[in-house]
Structure formats: structure tokens, C-alpha cells
Amino acid sequence: MELGIGGRRAIVCASSRGLGRACAEALAREGVHVTLNGREPGPLRDAEEEIATRHGVEVESVVGDIGAEETQQALLSACPAPDILVNNNGGPPPGRFQDWDRETWVGALDANMLAPLLMIRRVLDGMVERKFGRIVNITSAMVKTPLAPMGLSTGARTGLTSVSKALSRDVAHANVTLNNLLPERIDTARQRGMAELRAKLGGVTIEQAYDEMKASIAAGRLGRPEEFGDACAFLCSAQAGFISGQNLQLDGGSYAGLI
């Protein structure tokens with residue numbers, strides 16, 4: 001399917017690797033010029049070069065923590081009029097509710113709620129004025145199926161989901177959409193880290209930890225990053241203008257609820 005976004009411009013946050021990288025790759029394949037972001041210069045430079053070579057689009061990158069105001073300003077300087085914004089950031093680690101003090105909660109909210117909302121604030125008016133905008137927030141399956149060890153992630157990302165839903169109703173008239181992608185068990189470095197943690201705490205091998213992960217998914221396997229990226233690209237497409245305020249779960253059919 002031709003997605004009708006060739007020549008558009010996108011900011012993809014936290015995109016040197018993992019799910020953000022997968023989204024940037026999928027958009028670039030459709031002819032979208034992308035501005036990348038990451039904290040580590042080496043992996044970010046590699047991603048910039050590889051995407052530009054592979055897809056023949058313009059690629060820029062901004063080093064820095066997306067939660068920092070200077071990083072957000074630099075991204076908008078590199079891409080002053082984005083048509084697409086993909087919000088992403090590393091999630092907080094699992095833990096125990098009793099161990100999370102105020103500082104820990106504020107850090108989670110800054111990274112996974114306030115940072116994406118402030119990026120939306122920076123780009124939304126321009127998108128409305130130009131009558132085209134696609135905003136996709138990468139959140140988590142924990143938004144719909146919260147588990148206590150992932151409480152920091154659930155709390156912050158549910159707040160982002162709520163505000164995005166409210167905003168989506170205000171800007172739909174201008175062909176601007178806001179949607180959320182909710183991944184569960186996508187085969188990235190973060191899942192590797194979760195497998196290593198499970199192996200350490202549970203006295204199992206990493207291979208056994210991976211098998212446990214796969215068994216928890218109805219499809220019997222982990223999701224592939226490229227599947228996730230393709231879903232993001234479609235939500236950013238010209239054809240997706242009537243889809244807004246939605247939470248799309250990429251979980252191999254595992255969610256047991258209706259809504």
C-alpha cells in the first residue's frame with residue numbers, strides 16, 4: 001500500500017535503536033525525511049548513516065535526553081515544521097511499590113509523561129495550521145493491563161494516554177491525529193534486559209526466561225520490531241486520518257479484554 005507520506009518530515013524520539021529505530025526505518029522506507037534522537041552519539045550516528053543509505057531520504061540527528069528542554073529545542077531547530085511526531089523514551093525499570101520514593105516517581109513522570117506531552121505542545125499548533133499531523137506515542141501494554149512491578153511505567157504512560165485522548169478531539173477537524181502504540185514482548189534490547197533480570201532473580205537460564213516470555217504471548221512468539229514499525233507507519237499515513245485517540249495493542253493477540 002502506498003501510504004501517501006513520501007516527502008513528509010518526522011521527528012522520531014529515542015530512535016537510535018529498538019522500537020524508535022524500527023519506526024524511523026518504516027517511515028524512511030515510505031520516503032519520509034526523519035530527524036532522529038538518542039543519548040549516545042555512536043549508535044545515533046550509525047542509525048543516521050544506515051537509514052540514509054538504505055532509504056535515500058534526508059536524515060538528521062540530535063544527541064540528548066528527550067526529557068531535556070535543550071534537546072527538545074534542538075529537535076525543533078533541526079525539523080521546524082514536522083508532519084509526524086513519534087514520541088518514545090526508555091521506560092522505567094520494574095520494582096517494588098514500597099521502594100519508589102517521590103524522586104523516583106517524578107523521574108518516571110518526567111521521562112514518560114511530561115517529555116512527550118511537551119513535544120506535542122511544541123508541534124501541535126503548526127500541524128493544525130498546516131492541516132496535517134500524525135502523532136504516535138509509544139507507550140506500553142501495561143496501560144491496559146497494569147502489573148504492580150511496572151507501576152512507574154503504568155502511572156506515567158496512563159497520564160500521557162489520557163491527555164492525548166483529550167487533545168485528539170480538539171484537533172481532529174484539522175486532519176491531526178494522536179494515537180498510541182502499546183507493545184508487549186517485542187524482541188528488542190529491553191526484552192533482553194527483562195530476560196536477564198528474570199534469569200538472575202528466578203534462577204533460570206536466559207533461554208528459559210525467553211521461553212517463559214514466549215509462552216505468555218498468545219501467538220507463541222515475541223513480536224518483531226519491523227512489525228511494530230509498520231504499524232506506526234500506517235498510523236502516520238494519509239489513509240489513517242479517521243483514526244485518532246486510539247490505543248493499538250501489538251501483543252500477539254494476548255489481551256483478554258474487549259476494549
# chains A, B, ... in the order shown; residues from 1 in each chain; ligands from 1
>>> closest_atom_pairs(of="stretch 18-46 of chain A", to="stretch 86-89 of chain A", cutoff="9 Å", atoms="only C-alpha atoms", output="tab-separated table")
residue	atom	partner	partner_atom	distance
A:Leu19	CA	A:Asn88	CA	8.2
A:Gly20	CA	A:Asn88	CA	6.4
A:Cys23	CA	A:Val86	CA	7.9
A:Ala24	CA	A:Val86	CA	8.7
>>> select_by_dssp(residues="stretch 16-114 of chain A", states="alpha helix (DSSP H)", output="PyMOL selection string")
chain A and resi 18-29+41-55+69-78+102-109
>>> write_last_selection(atoms="C-alpha atoms", output="PDB file, in the first residue's frame")
ATOM      1  CA  GLY A  18      14.784  -0.564  19.487  1.00  0.00           C
ATOM      2  CA  LEU A  19      11.195   0.422  18.785  1.00  0.00           C
ATOM      3  CA  GLY A  20      12.050   4.022  17.915  1.00  0.00           C
ATOM      4  CA  ARG A  21      14.579   2.847  15.335  1.00  0.00           C
ATOM      5  CA  ALA A  22      12.007   0.452  13.875  1.00  0.00           C
ATOM      6  CA  CYS A  23       9.539   3.313  13.468  1.00  0.00           C
ATOM      7  CA  ALA A  24      12.157   5.557  11.866  1.00  0.00           C
ATOM      8  CA  GLU A  25      13.100   2.783   9.419  1.00  0.00           C
ATOM      9  CA  ALA A  26       9.477   2.177   8.438  1.00  0.00           C
ATOM     10  CA  LEU A  27       8.815   5.870   7.868  1.00  0.00           C
ATOM     11  CA  ALA A  28      12.025   6.339   5.877  1.00  0.00           C
ATOM     12  CA  ARG A  29      11.098   3.384   3.687  1.00  0.00           C
ATOM     13  CA  PRO A  41      26.447   9.631  19.780  1.00  0.00           C
ATOM     14  CA  GLY A  42      27.887   6.398  18.366  1.00  0.00           C
ATOM     15  CA  PRO A  43      24.680   4.380  17.913  1.00  0.00           C
ATOM     16  CA  LEU A  44      22.838   7.510  16.788  1.00  0.00           C
ATOM     17  CA  ARG A  45      25.427   8.271  14.113  1.00  0.00           C
ATOM     18  CA  ASP A  46      25.273   4.665  12.923  1.00  0.00           C
ATOM     19  CA  ALA A  47      21.483   4.816  12.684  1.00  0.00           C
ATOM     20  CA  GLU A  48      21.632   8.085  10.750  1.00  0.00           C
ATOM     21  CA  GLU A  49      24.089   6.710   8.204  1.00  0.00           C
ATOM     22  CA  GLU A  50      22.342   3.375   7.770  1.00  0.00           C
ATOM     23  CA  ILE A  51      18.866   4.831   7.307  1.00  0.00           C
ATOM     24  CA  ALA A  52      20.072   7.463   4.838  1.00  0.00           C
ATOM     25  CA  THR A  53      21.975   4.880   2.804  1.00  0.00           C
ATOM     26  CA  ARG A  54      19.234   2.280   2.844  1.00  0.00           C
ATOM     27  CA  HIS A  55      16.274   4.535   2.046  1.00  0.00           C
ATOM     28  CA  GLU A  69      14.385  21.184  27.190  1.00  0.00           C
ATOM     29  CA  GLU A  70      17.539  21.848  25.183  1.00  0.00           C
ATOM     30  CA  THR A  71      17.139  18.520  23.365  1.00  0.00           C
ATOM     31  CA  GLN A  72      13.533  19.302  22.512  1.00  0.00           C
ATOM     32  CA  GLN A  73      14.531  22.736  21.219  1.00  0.00           C
ATOM     33  CA  ALA A  74      17.334  21.229  19.152  1.00  0.00           C
ATOM     34  CA  LEU A  75      14.950  18.745  17.549  1.00  0.00           C
ATOM     35  CA  LEU A  76      12.604  21.543  16.519  1.00  0.00           C
ATOM     36  CA  SER A  77      15.539  23.542  15.190  1.00  0.00           C
ATOM     37  CA  ALA A  78      16.564  20.559  13.070  1.00  0.00           C
ATOM     38  CA  ARG A 102       8.956  10.882  45.398  1.00  0.00           C
ATOM     39  CA  GLU A 103      12.146  11.398  43.401  1.00  0.00           C
ATOM     40  CA  THR A 104      11.657   8.077  41.621  1.00  0.00           C
ATOM     41  CA  TRP A 105       8.063   8.921  40.711  1.00  0.00           C
ATOM     42  CA  VAL A 106       8.991  12.383  39.454  1.00  0.00           C
ATOM     43  CA  GLY A 107      11.703  10.877  37.265  1.00  0.00           C
ATOM     44  CA  ALA A 108       9.232   8.435  35.698  1.00  0.00           C
ATOM     45  CA  LEU A 109       6.681  11.176  35.079  1.00  0.00           C
TER      46      LEU A 109
END
>>> residues_around(residues="A:Arg8", least_positions_apart="5", cutoff="7 Å", atoms="only C-alpha atoms", output="PDB file with C-alpha atoms, in the first residue's frame")
ATOM      1  CA  VAL A  32       9.694  10.338   4.950  1.00  0.00           C
ATOM      2  CA  HIS A  33      12.671  12.517   5.910  1.00  0.00           C
ATOM      3  CA  ASP A  83       4.351  16.498   9.846  1.00  0.00           C
TER       4      ASP A  83
END
>>> select_by_dssp(residues="stretch 60-183 of chain A", states="strand (DSSP E)", output="ChimeraX atom specification")
/A:60-63,84-87,133-138,176-183
>>> write_last_selection(atoms="N, CA and C atoms", output="mmCIF file, in the first residue's frame")
data_model
loop_
_atom_site.group_PDB
_atom_site.id
_atom_site.type_symbol
_atom_site.label_atom_id
_atom_site.label_comp_id
_atom_site.auth_asym_id
_atom_site.auth_seq_id
_atom_site.Cartn_x
_atom_site.Cartn_y
_atom_site.Cartn_z
ATOM 1 N N GLU A 60 18.644 13.554 9.757
ATOM 2 C CA GLU A 60 19.427 14.339 10.719
ATOM 3 C C GLU A 60 19.299 13.694 12.076
ATOM 4 N N SER A 61 20.150 14.085 12.997
ATOM 5 C CA SER A 61 20.067 13.511 14.332
ATOM 6 C C SER A 61 20.448 14.544 15.380
ATOM 7 N N VAL A 62 19.872 14.370 16.550
ATOM 8 C CA VAL A 62 20.122 15.259 17.687
ATOM 9 C C VAL A 62 20.457 14.389 18.890
ATOM 10 N N VAL A 63 21.644 14.587 19.433
ATOM 11 C CA VAL A 63 22.066 13.840 20.618
ATOM 12 C C VAL A 63 21.508 14.500 21.863
ATOM 13 N N ILE A 84 5.046 14.700 11.287
ATOM 14 C CA ILE A 84 4.893 13.485 12.091
ATOM 15 C C ILE A 84 5.766 13.608 13.328
ATOM 16 N N LEU A 85 5.214 13.218 14.468
ATOM 17 C CA LEU A 85 5.988 13.124 15.705
ATOM 18 C C LEU A 85 5.755 11.739 16.293
ATOM 19 N N VAL A 86 6.835 11.016 16.506
ATOM 20 C CA VAL A 86 6.765 9.738 17.211
ATOM 21 C C VAL A 86 7.450 9.919 18.556
ATOM 22 N N ASN A 87 6.661 9.872 19.609
ATOM 23 C CA ASN A 87 7.188 10.020 20.958
ATOM 24 C C ASN A 87 7.620 8.669 21.504
ATOM 25 N N GLY A 133 -1.198 16.342 10.455
ATOM 26 C CA GLY A 133 -0.323 15.978 11.564
ATOM 27 C C GLY A 133 -0.609 14.572 12.031
ATOM 28 N N ARG A 134 0.434 13.839 12.310
ATOM 29 C CA ARG A 134 0.306 12.491 12.856
ATOM 30 C C ARG A 134 1.224 12.387 14.072
ATOM 31 N N ILE A 135 0.633 12.163 15.220
ATOM 32 C CA ILE A 135 1.386 11.997 16.465
ATOM 33 C C ILE A 135 1.136 10.588 16.981
ATOM 34 N N VAL A 136 2.213 9.864 17.197
ATOM 35 C CA VAL A 136 2.128 8.494 17.712
ATOM 36 C C VAL A 136 2.990 8.413 18.967
ATOM 37 N N ASN A 137 2.378 8.013 20.060
ATOM 38 C CA ASN A 137 3.100 7.806 21.311
ATOM 39 C C ASN A 137 3.351 6.315 21.505
ATOM 40 N N ILE A 138 4.597 5.949 21.713
ATOM 41 C CA ILE A 138 4.918 4.568 22.060
ATOM 42 C C ILE A 138 4.794 4.443 23.575
ATOM 43 N N VAL A 176 -5.370 16.229 12.098
ATOM 44 C CA VAL A 176 -4.272 15.936 13.017
ATOM 45 C C VAL A 176 -4.747 14.816 13.946
ATOM 46 N N THR A 177 -3.981 13.749 14.017
ATOM 47 C CA THR A 177 -4.368 12.600 14.834
ATOM 48 C C THR A 177 -3.345 12.341 15.932
ATOM 49 N N LEU A 178 -3.837 11.787 17.033
ATOM 50 C CA LEU A 178 -2.974 11.349 18.132
ATOM 51 C C LEU A 178 -3.375 9.927 18.500
ATOM 52 N N ASN A 179 -2.441 9.017 18.392
ATOM 53 C CA ASN A 179 -2.689 7.621 18.714
ATOM 54 C C ASN A 179 -1.535 7.058 19.528
ATOM 55 N N ASN A 180 -1.786 5.930 20.144
ATOM 56 C CA ASN A 180 -0.788 5.281 20.985
ATOM 57 C C ASN A 180 -0.559 3.844 20.538
ATOM 58 N N LEU A 181 0.695 3.436 20.521
ATOM 59 C CA LEU A 181 1.066 2.046 20.259
ATOM 60 C C LEU A 181 1.454 1.392 21.574
ATOM 61 N N LEU A 182 0.838 0.260 21.875
ATOM 62 C CA LEU A 182 1.042 -0.420 23.148
ATOM 63 C C LEU A 182 1.751 -1.757 22.911
ATOM 64 N N PRO A 183 3.077 -1.776 22.981
ATOM 65 C CA PRO A 183 3.808 -3.021 22.726
ATOM 66 C C PRO A 183 3.798 -3.965 23.921
#
>>> residues_around(residues="A:Pro93", least_positions_apart="4", cutoff="9 Å", atoms="only C-alpha atoms", output="PyMOL selection string")
chain A and resi 149-150+152-153
>>> closest_residue(among="A:Asp211, A:Asp251, A:Glu129, A:Asp170", to="A:Ile186", atoms="only C-alpha atoms")
A:Asp251
>>> closest_atom_pairs(of="stretch 43-118 of chain A", to="stretch 141-148 of chain A", cutoff="10 Å", atoms="only C-alpha atoms", output="JSON lines")
{"residue": "A:Pro94", "atom": "CA", "partner": "A:Ala148", "partner_atom": "CA", "distance": 8.5}
{"residue": "A:Gly95", "atom": "CA", "partner": "A:Ala148", "partner_atom": "CA", "distance": 8.1}
{"residue": "A:Arg96", "atom": "CA", "partner": "A:Ala148", "partner_atom": "CA", "distance": 7.4}
{"residue": "A:Phe97", "atom": "CA", "partner": "A:Ala148", "partner_atom": "CA", "distance": 7.1}
>>> write_last_selection(atoms="N, CA and C atoms", output="PDB file, in the first residue's frame")
ATOM      1  N   PRO A  94      11.322  -2.166  36.301  1.00  0.00           N
ATOM      2  CA  PRO A  94      10.359  -2.730  37.251  1.00  0.00           C
ATOM      3  C   PRO A  94      10.908  -2.658  38.665  1.00  0.00           C
ATOM      4  N   GLY A  95      10.029  -2.800  39.627  1.00  0.00           N
ATOM      5  CA  GLY A  95      10.467  -2.735  41.014  1.00  0.00           C
ATOM      6  C   GLY A  95       9.317  -2.964  41.973  1.00  0.00           C
ATOM      7  N   ARG A  96       9.513  -2.522  43.219  1.00  0.00           N
ATOM      8  CA  ARG A  96       8.510  -2.667  44.274  1.00  0.00           C
ATOM      9  C   ARG A  96       7.941  -1.311  44.635  1.00  0.00           C
ATOM     10  N   PHE A  97       6.626  -1.252  44.757  1.00  0.00           N
ATOM     11  CA  PHE A  97       5.950  -0.005  45.091  1.00  0.00           C
ATOM     12  C   PHE A  97       6.543   0.627  46.351  1.00  0.00           C
TER      13      PHE A  97
END
>>> closest_residue(among="A:Asn247, A:Ser16, A:Leu114, A:Asp99", to="A:Ala189", atoms="only C-alpha atoms")
A:Ser16
>>> closest_residue(among="A:Ile5, A:Ala81, A:Ala111, A:Ala231", to="A:Gly155", atoms="only C-alpha atoms")
A:Ala111
>>> closest_residue(among="A:Tyr210, A:Gly90, A:Gly220, A:Ala233", to="A:Arg192", atoms="only C-alpha atoms")
A:Tyr210
>>> atom_distance(atom1="atom CA of A:Thr35", atom2="atom CA of A:Val128")
20.3 Å
>>> closest_residue(among="A:Gly229, A:Ala156, A:Thr161, A:Cys236", to="A:Ser15", atoms="only C-alpha atoms")
A:Gly229
>>> closest_residue(among="A:Ile11, A:Ala238, A:Val59, A:Ala68", to="A:Arg39", atoms="only C-alpha atoms")
A:Ala68
>>> atom_distance(atom1="atom CA of A:Asn37", atom2="atom CA of A:Gly64")
6.9 Å
>>> decode(residues="stretch 233-255 of chain A", atoms="N, CA and C atoms", output="PDB file, in the first residue's frame")
ATOM      1  N   ALA A 233       3.976   3.285  10.934  1.00  0.00           N
ATOM      2  CA  ALA A 233       3.921   3.943   9.628  1.00  0.00           C
ATOM      3  C   ALA A 233       2.479   4.069   9.133  1.00  0.00           C
ATOM      4  N   PHE A 234       1.675   3.031   9.344  1.00  0.00           N
ATOM      5  CA  PHE A 234       0.289   3.128   8.896  1.00  0.00           C
ATOM      6  C   PHE A 234      -0.469   4.206   9.670  1.00  0.00           C
ATOM      7  N   LEU A 235      -0.274   4.289  10.976  1.00  0.00           N
ATOM      8  CA  LEU A 235      -0.962   5.326  11.751  1.00  0.00           C
ATOM      9  C   LEU A 235      -0.532   6.725  11.325  1.00  0.00           C
ATOM     10  N   CYS A 236       0.639   6.823  10.699  1.00  0.00           N
ATOM     11  CA  CYS A 236       1.123   8.110  10.194  1.00  0.00           C
ATOM     12  C   CYS A 236       0.702   8.372   8.751  1.00  0.00           C
ATOM     13  N   SER A 237       0.009   7.446   8.140  1.00  0.00           N
ATOM     14  CA  SER A 237      -0.288   7.525   6.717  1.00  0.00           C
ATOM     15  C   SER A 237      -1.411   8.498   6.408  1.00  0.00           C
ATOM     16  N   ALA A 238      -1.522   8.833   5.124  1.00  0.00           N
ATOM     17  CA  ALA A 238      -2.640   9.649   4.666  1.00  0.00           C
ATOM     18  C   ALA A 238      -3.961   8.931   4.895  1.00  0.00           C
ATOM     19  N   GLN A 239      -3.964   7.608   4.796  1.00  0.00           N
ATOM     20  CA  GLN A 239      -5.184   6.826   4.931  1.00  0.00           C
ATOM     21  C   GLN A 239      -5.699   6.754   6.366  1.00  0.00           C
ATOM     22  N   ALA A 240      -4.873   7.118   7.345  1.00  0.00           N
ATOM     23  CA  ALA A 240      -5.241   6.954   8.748  1.00  0.00           C
ATOM     24  C   ALA A 240      -5.843   8.214   9.356  1.00  0.00           C
ATOM     25  N   GLY A 241      -6.292   9.137   8.540  1.00  0.00           N
ATOM     26  CA  GLY A 241      -6.820  10.390   9.064  1.00  0.00           C
ATOM     27  C   GLY A 241      -8.089  10.265   9.879  1.00  0.00           C
ATOM     28  N   PHE A 242      -8.807   9.126   9.764  1.00  0.00           N
ATOM     29  CA  PHE A 242     -10.047   8.929  10.510  1.00  0.00           C
ATOM     30  C   PHE A 242      -9.831   8.054  11.744  1.00  0.00           C
ATOM     31  N   ILE A 243      -8.565   7.815  12.068  1.00  0.00           N
ATOM     32  CA  ILE A 243      -8.209   7.021  13.251  1.00  0.00           C
ATOM     33  C   ILE A 243      -7.497   7.938  14.227  1.00  0.00           C
ATOM     34  N   SER A 244      -8.116   8.223  15.349  1.00  0.00           N
ATOM     35  CA  SER A 244      -7.476   9.108  16.316  1.00  0.00           C
ATOM     36  C   SER A 244      -7.980   8.810  17.724  1.00  0.00           C
ATOM     37  N   GLY A 245      -7.123   9.090  18.694  1.00  0.00           N
ATOM     38  CA  GLY A 245      -7.467   8.849  20.086  1.00  0.00           C
ATOM     39  C   GLY A 245      -7.515   7.379  20.452  1.00  0.00           C
ATOM     40  N   GLN A 246      -6.791   6.545  19.689  1.00  0.00           N
ATOM     41  CA  GLN A 246      -6.878   5.098  19.867  1.00  0.00           C
ATOM     42  C   GLN A 246      -5.605   4.513  20.475  1.00  0.00           C
ATOM     43  N   ASN A 247      -5.781   3.341  21.081  1.00  0.00           N
ATOM     44  CA  ASN A 247      -4.673   2.576  21.647  1.00  0.00           C
ATOM     45  C   ASN A 247      -4.580   1.258  20.890  1.00  0.00           C
ATOM     46  N   LEU A 248      -3.540   1.118  20.075  1.00  0.00           N
ATOM     47  CA  LEU A 248      -3.359  -0.088  19.278  1.00  0.00           C
ATOM     48  C   LEU A 248      -2.374  -1.009  19.981  1.00  0.00           C
ATOM     49  N   GLN A 249      -2.864  -2.176  20.374  1.00  0.00           N
ATOM     50  CA  GLN A 249      -2.007  -3.126  21.072  1.00  0.00           C
ATOM     51  C   GLN A 249      -1.305  -4.043  20.085  1.00  0.00           C
ATOM     52  N   LEU A 250      -0.012  -4.183  20.269  1.00  0.00           N
ATOM     53  CA  LEU A 250       0.792  -5.111  19.479  1.00  0.00           C
ATOM     54  C   LEU A 250       1.312  -6.161  20.450  1.00  0.00           C
ATOM     55  N   ASP A 251       0.506  -7.185  20.621  1.00  0.00           N
ATOM     56  CA  ASP A 251       0.759  -8.148  21.687  1.00  0.00           C
ATOM     57  C   ASP A 251       0.501  -9.592  21.276  1.00  0.00           C
ATOM     58  N   GLY A 252       0.457  -9.859  19.969  1.00  0.00           N
ATOM     59  CA  GLY A 252       0.238 -11.218  19.515  1.00  0.00           C
ATOM     60  C   GLY A 252      -1.098 -11.800  19.923  1.00  0.00           C
ATOM     61  N   GLY A 253      -2.105 -10.932  20.128  1.00  0.00           N
ATOM     62  CA  GLY A 253      -3.438 -11.393  20.490  1.00  0.00           C
ATOM     63  C   GLY A 253      -3.603 -11.770  21.944  1.00  0.00           C
ATOM     64  N   SER A 254      -2.722 -11.270  22.811  1.00  0.00           N
ATOM     65  CA  SER A 254      -2.712 -11.731  24.200  1.00  0.00           C
ATOM     66  C   SER A 254      -3.721 -11.032  25.095  1.00  0.00           C
ATOM     67  N   TYR A 255      -4.091  -9.806  24.770  1.00  0.00           N
ATOM     68  CA  TYR A 255      -5.006  -9.057  25.636  1.00  0.00           C
ATOM     69  C   TYR A 255      -6.363  -9.751  25.693  1.00  0.00           C
TER      70      TYR A 255
END
